[in-house]
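Trainee: Pasting final.cif below, which is mmCIF, C-alpha atoms; chains and numbers go by the auth columns.
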```cif
data_target
loop_
_atom_site.group_PDB
_atom_site.id
_atom_site.type_symbol
_atom_site.label_atom_id
_atom_site.label_comp_id
_atom_site.label_asym_id
_atom_site.label_seq_id
_atom_site.Cartn_x
_atom_site.Cartn_y
_atom_site.Cartn_z
_atom_site.B_iso_or_equiv
_atom_site.auth_seq_id
_atom_site.auth_asym_id
ATOM 1 C CA MET A 1 -48.588 3.428 -48.561 0.00 116 A
ATOM 2 C CA THR A 2 -50.415 0.908 -46.497 0.00 117 A
ATOM 3 C CA PHE A 3 -49.964 0.353 -42.824 0.00 118 A
ATOM 4 C CA PHE A 4 -47.909 -2.780 -43.492 0.00 119 A
ATOM 5 C CA ASP A 5 -45.660 -0.944 -45.956 0.00 120 A
ATOM 6 C CA ARG A 6 -44.981 1.779 -43.378 0.00 121 A
ATOM 7 C CA PHE A 7 -44.414 -0.842 -40.703 0.00 122 A
ATOM 8 C CA ARG A 8 -41.979 -2.788 -42.915 0.00 123 A
ATOM 9 C CA GLU A 9 -40.103 0.432 -43.763 0.00 124 A
ATOM 10 C CA SER A 10 -39.920 1.326 -40.067 0.00 125 A
ATOM 11 C CA VAL A 11 -38.533 -2.133 -39.233 0.00 126 A
ATOM 12 C CA LYS A 12 -35.901 -1.770 -41.981 0.00 127 A
ATOM 13 C CA GLU A 13 -34.850 1.647 -40.678 0.00 128 A
ATOM 14 C CA THR A 14 -34.686 0.362 -37.112 0.00 129 A
ATOM 15 C CA ALA A 15 -32.633 -2.637 -38.188 0.00 130 A
ATOM 16 C CA ALA A 16 -30.257 -0.417 -40.167 0.00 131 A
ATOM 17 C CA ALA A 17 -29.839 1.909 -37.187 0.00 132 A
ATOM 18 C CA ALA A 18 -29.213 -1.047 -34.865 0.00 133 A
ATOM 19 C CA THR A 19 -26.649 -2.500 -37.267 0.00 134 A
ATOM 20 C CA GLU A 20 -24.878 0.841 -37.516 0.00 135 A
ATOM 21 C CA ALA A 21 -24.847 1.220 -33.732 0.00 136 A
ATOM 22 C CA THR A 22 -23.519 -2.316 -33.302 0.00 137 A
ATOM 23 C CA ASN A 23 -20.796 -1.735 -35.877 0.00 138 A
ATOM 24 C CA LYS A 24 -19.841 1.504 -34.160 0.00 139 A
ATOM 25 C CA LEU A 25 -19.612 -0.238 -30.778 0.00 140 A
ATOM 26 C CA ALA A 26 -17.538 -3.066 -32.258 0.00 141 A
ATOM 27 C CA ARG A 27 -15.137 -0.580 -33.880 0.00 142 A
ATOM 28 C CA ARG A 28 -14.864 1.333 -30.621 0.00 143 A
ATOM 29 C CA ALA A 29 -14.002 -1.890 -28.773 0.00 144 A
ATOM 30 C CA GLN A 30 -11.354 -2.733 -31.391 0.00 145 A
ATOM 31 C CA LEU A 31 -9.812 0.724 -31.068 0.00 146 A
ATOM 32 C CA GLU A 32 -9.818 0.558 -27.266 0.00 147 A
ATOM 33 C CA ILE A 33 -8.071 -2.832 -27.363 0.00 148 A
ATOM 34 C CA LYS A 34 -5.540 -1.472 -29.840 0.00 149 A
ATOM 35 C CA GLU A 35 -4.946 1.564 -27.623 0.00 150 A
ATOM 36 C CA SER A 36 -4.414 -0.647 -24.584 0.00 151 A
ATOM 37 C CA ARG A 37 -1.921 -2.826 -26.438 0.00 152 A
ATOM 38 C CA LEU A 38 -0.024 0.199 -27.743 0.00 153 A
ATOM 39 C CA GLN A 39 0.120 1.705 -24.246 0.00 154 A
ATOM 40 C CA ALA A 40 1.493 -1.591 -22.912 0.00 155 A
ATOM 41 C CA ARG A 41 4.181 -1.571 -25.596 0.00 156 A
ATOM 42 C CA VAL A 42 5.119 2.004 -24.683 0.00 157 A
ATOM 43 C CA ARG A 43 5.412 0.966 -21.017 0.00 158 A
ATOM 44 C CA ARG A 44 7.642 -1.980 -21.989 0.00 159 A
ATOM 45 C CA GLU A 45 9.902 0.297 -24.022 0.00 160 A
ATOM 46 C CA LYS A 46 10.114 2.813 -21.177 0.00 161 A
ATOM 47 C CA THR A 47 10.978 -0.030 -18.817 0.00 162 A
ATOM 48 C CA ALA A 48 13.704 -1.183 -21.218 0.00 163 A
ATOM 49 C CA ILE A 49 15.152 2.324 -21.238 0.00 164 A
ATOM 50 C CA GLY A 50 15.068 2.450 -17.450 0.00 165 A
ATOM 51 C CA GLU A 51 16.701 -0.976 -17.139 0.00 166 A
ATOM 52 C CA ALA A 52 19.480 0.158 -19.476 0.00 167 A
ATOM 53 C CA ILE A 53 20.069 3.520 -17.787 0.00 168 A
ATOM 54 C CA TYR A 54 19.577 2.559 -14.127 0.00 169 A
ATOM 55 C CA PRO A 55 22.975 0.850 -13.684 0.00 170 A
ATOM 56 C CA LEU A 56 24.685 3.937 -15.098 0.00 171 A
ATOM 57 C CA LEU A 57 22.771 6.203 -12.731 0.00 172 A
ATOM 58 C CA ALA A 58 23.365 3.960 -9.713 0.00 173 A
ATOM 59 C CA SER A 59 27.106 3.739 -10.389 0.00 174 A
ATOM 60 C CA GLY A 60 27.415 7.479 -10.978 0.00 175 A
ATOM 61 C CA ASP A 61 28.601 7.036 -14.560 0.00 176 A
ATOM 62 C CA LEU A 62 25.576 9.010 -15.692 0.00 177 A
ATOM 63 C CA GLN A 63 24.435 12.111 -13.855 0.00 178 A
ATOM 64 C CA ILE A 64 20.914 13.458 -14.168 0.00 179 A
ATOM 65 C CA ASP A 65 19.938 16.342 -11.934 0.00 180 A
ATOM 66 C CA LEU A 66 16.183 15.902 -12.138 0.00 181 A
ATOM 67 C CA ALA A 67 14.609 15.772 -8.679 0.00 182 A
ATOM 68 C CA GLU A 68 12.260 12.991 -9.793 0.00 183 A
ATOM 69 C CA VAL A 69 15.187 10.829 -10.879 0.00 184 A
ATOM 70 C CA GLN A 70 17.102 11.459 -7.660 0.00 185 A
ATOM 71 C CA THR A 71 14.011 10.616 -5.594 0.00 186 A
ATOM 72 C CA ALA A 72 13.466 7.420 -7.556 0.00 187 A
ATOM 73 C CA LEU A 73 17.107 6.418 -7.115 0.00 188 A
ATOM 74 C CA ALA A 74 16.822 6.939 -3.347 0.00 189 A
ATOM 75 C CA ARG A 75 13.629 4.875 -3.235 0.00 190 A
ATOM 76 C CA ILE A 76 15.256 2.088 -5.233 0.00 191 A
ATOM 77 C CA GLU A 77 18.175 2.057 -2.786 0.00 192 A
ATOM 78 C CA VAL A 78 15.767 1.644 0.148 0.00 193 A
ATOM 79 C CA LEU A 79 13.857 -1.072 -1.712 0.00 194 A
ATOM 80 C CA ASN A 80 17.101 -2.898 -2.516 0.00 195 A
ATOM 81 C CA GLU A 81 18.008 -2.814 1.194 0.00 196 A
ATOM 82 C CA GLN A 82 14.594 -4.263 2.037 0.00 197 A
ATOM 83 C CA LEU A 83 15.084 -6.960 -0.608 0.00 198 A
ATOM 84 C CA ALA A 84 18.454 -7.874 0.906 0.00 199 A
ATOM 85 C CA GLU A 85 16.910 -8.101 4.387 0.00 200 A
ATOM 86 C CA ASN A 86 14.099 -10.250 3.035 0.00 201 A
ATOM 87 C CA ALA A 87 16.545 -12.537 1.224 0.00 202 A
ATOM 88 C CA ALA A 88 18.586 -12.926 4.409 0.00 203 A
ATOM 89 C CA GLU A 89 15.474 -13.881 6.359 0.00 204 A
ATOM 90 C CA LEU A 90 14.490 -16.390 3.663 0.00 205 A
ATOM 91 C CA ASP A 91 17.969 -17.908 3.858 0.00 206 A
ATOM 92 C CA ALA A 92 17.703 -18.102 7.648 0.00 207 A
ATOM 93 C CA LEU A 93 14.365 -19.890 7.345 0.00 208 A
ATOM 94 C CA ALA A 94 15.771 -22.327 4.831 0.00 209 A
ATOM 95 C CA THR A 95 18.796 -23.186 6.972 0.00 210 A
ATOM 96 C CA ALA A 96 17.090 -23.230 10.400 0.00 211 A
ATOM 97 C CA PRO A 97 16.963 -26.710 11.919 0.00 212 A
ATOM 98 C CA PRO A 98 13.466 -28.188 12.209 0.00 213 A
ATOM 99 C CA GLY A 99 11.746 -27.210 15.434 0.00 214 A
ATOM 100 C CA LYS A 100 13.982 -24.163 16.013 0.00 215 A
ATOM 101 C CA PRO A 101 12.892 -20.684 14.935 0.00 216 A
ATOM 102 C CA PRO A 102 15.451 -18.716 12.948 0.00 217 A
ATOM 103 C CA LEU A 103 17.182 -15.767 14.541 0.00 218 A
ATOM 104 C CA GLY A 104 15.921 -12.315 13.647 0.00 219 A
ATOM 105 C CA GLY A 105 12.252 -12.553 12.715 0.00 220 A
ATOM 106 C CA GLY A 106 12.050 -9.066 11.216 0.00 221 A
#
```
Output the file's structure in the form of structure tokens.

Mentor:
Amino acid sequence: MTFFDRFRESVKETAAAATEATNKLARRAQLEIKESRLQARVRREKTAIGEAIYPLLASGDLQIDLAEVQTALARIEVLNEQLAENAAELDALATAPPGKPPLGGG
């Protein structure tokens, strides 16, 4: 085999290895995107379950004695109170006459 034959064979092998590596990276990227999309779908389904069950838990029609659930329910109650306070302040801002600050200011 001449020098040029060996060189050409080396270039072919390098090109084949590069193509294989590129294909592997592309497949990995496809799989990572697919995984991300599937995880997002799982989160959406879990959210749907929570949205369906939360009213039952909040009203007491469904009892679950898991500490994590009870803690989350308590946090949601506090957050709902904060939302109500925020909404009241927004209403006060919207109805305050021009040039007069609304009462509160919390």

Trainee: What is the atom CA of Leu188 of chain A to atom CA of Ile164 of chain A distance in Å?

Mentor: 14.8 Å

Trainee: Find the distance between atom CA of Gln154 of chain A and atom CA of Ala173 of chain A and write it in Å to one decimal.

Mentor: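 Separation between atom CA of Gln154 of chain A and atom CA of Ala173 of chain A: 27.5 Å.
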
Trainee: How would you write as a list of chain:residue names the residues that get within 9 Å of (19.4, 3.1, -7.5) in the file's frame, counting only C-alpha atoms?

Mentor: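 The answer, in the requested form, is A:Tyr169, A:Pro170, A:Leu172, A:Ala173, A:Ser174, A:Gln185, A:Ala187, A:Leu188, A:Ala189, A:Arg190, A:Ile191, A:Glu192, A:Val193, A:Asn195.
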
Trainee: How many Å lie between atom CA of Glu196 of chain A and atom CA of Leu171 of chain A, rounded to one decimal?

Mentor: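 Computed distance, atom CA of Glu196 of chain A to atom CA of Leu171 of chain A, equals 18.9 Å.
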
Trainee: With distances taken over only C-alpha atoms, which residue among A:Ala141, A:Glu200, A:Ile168, A:Arg123 lies nearest Val184 of chain A?

Mentor: A:Ile168
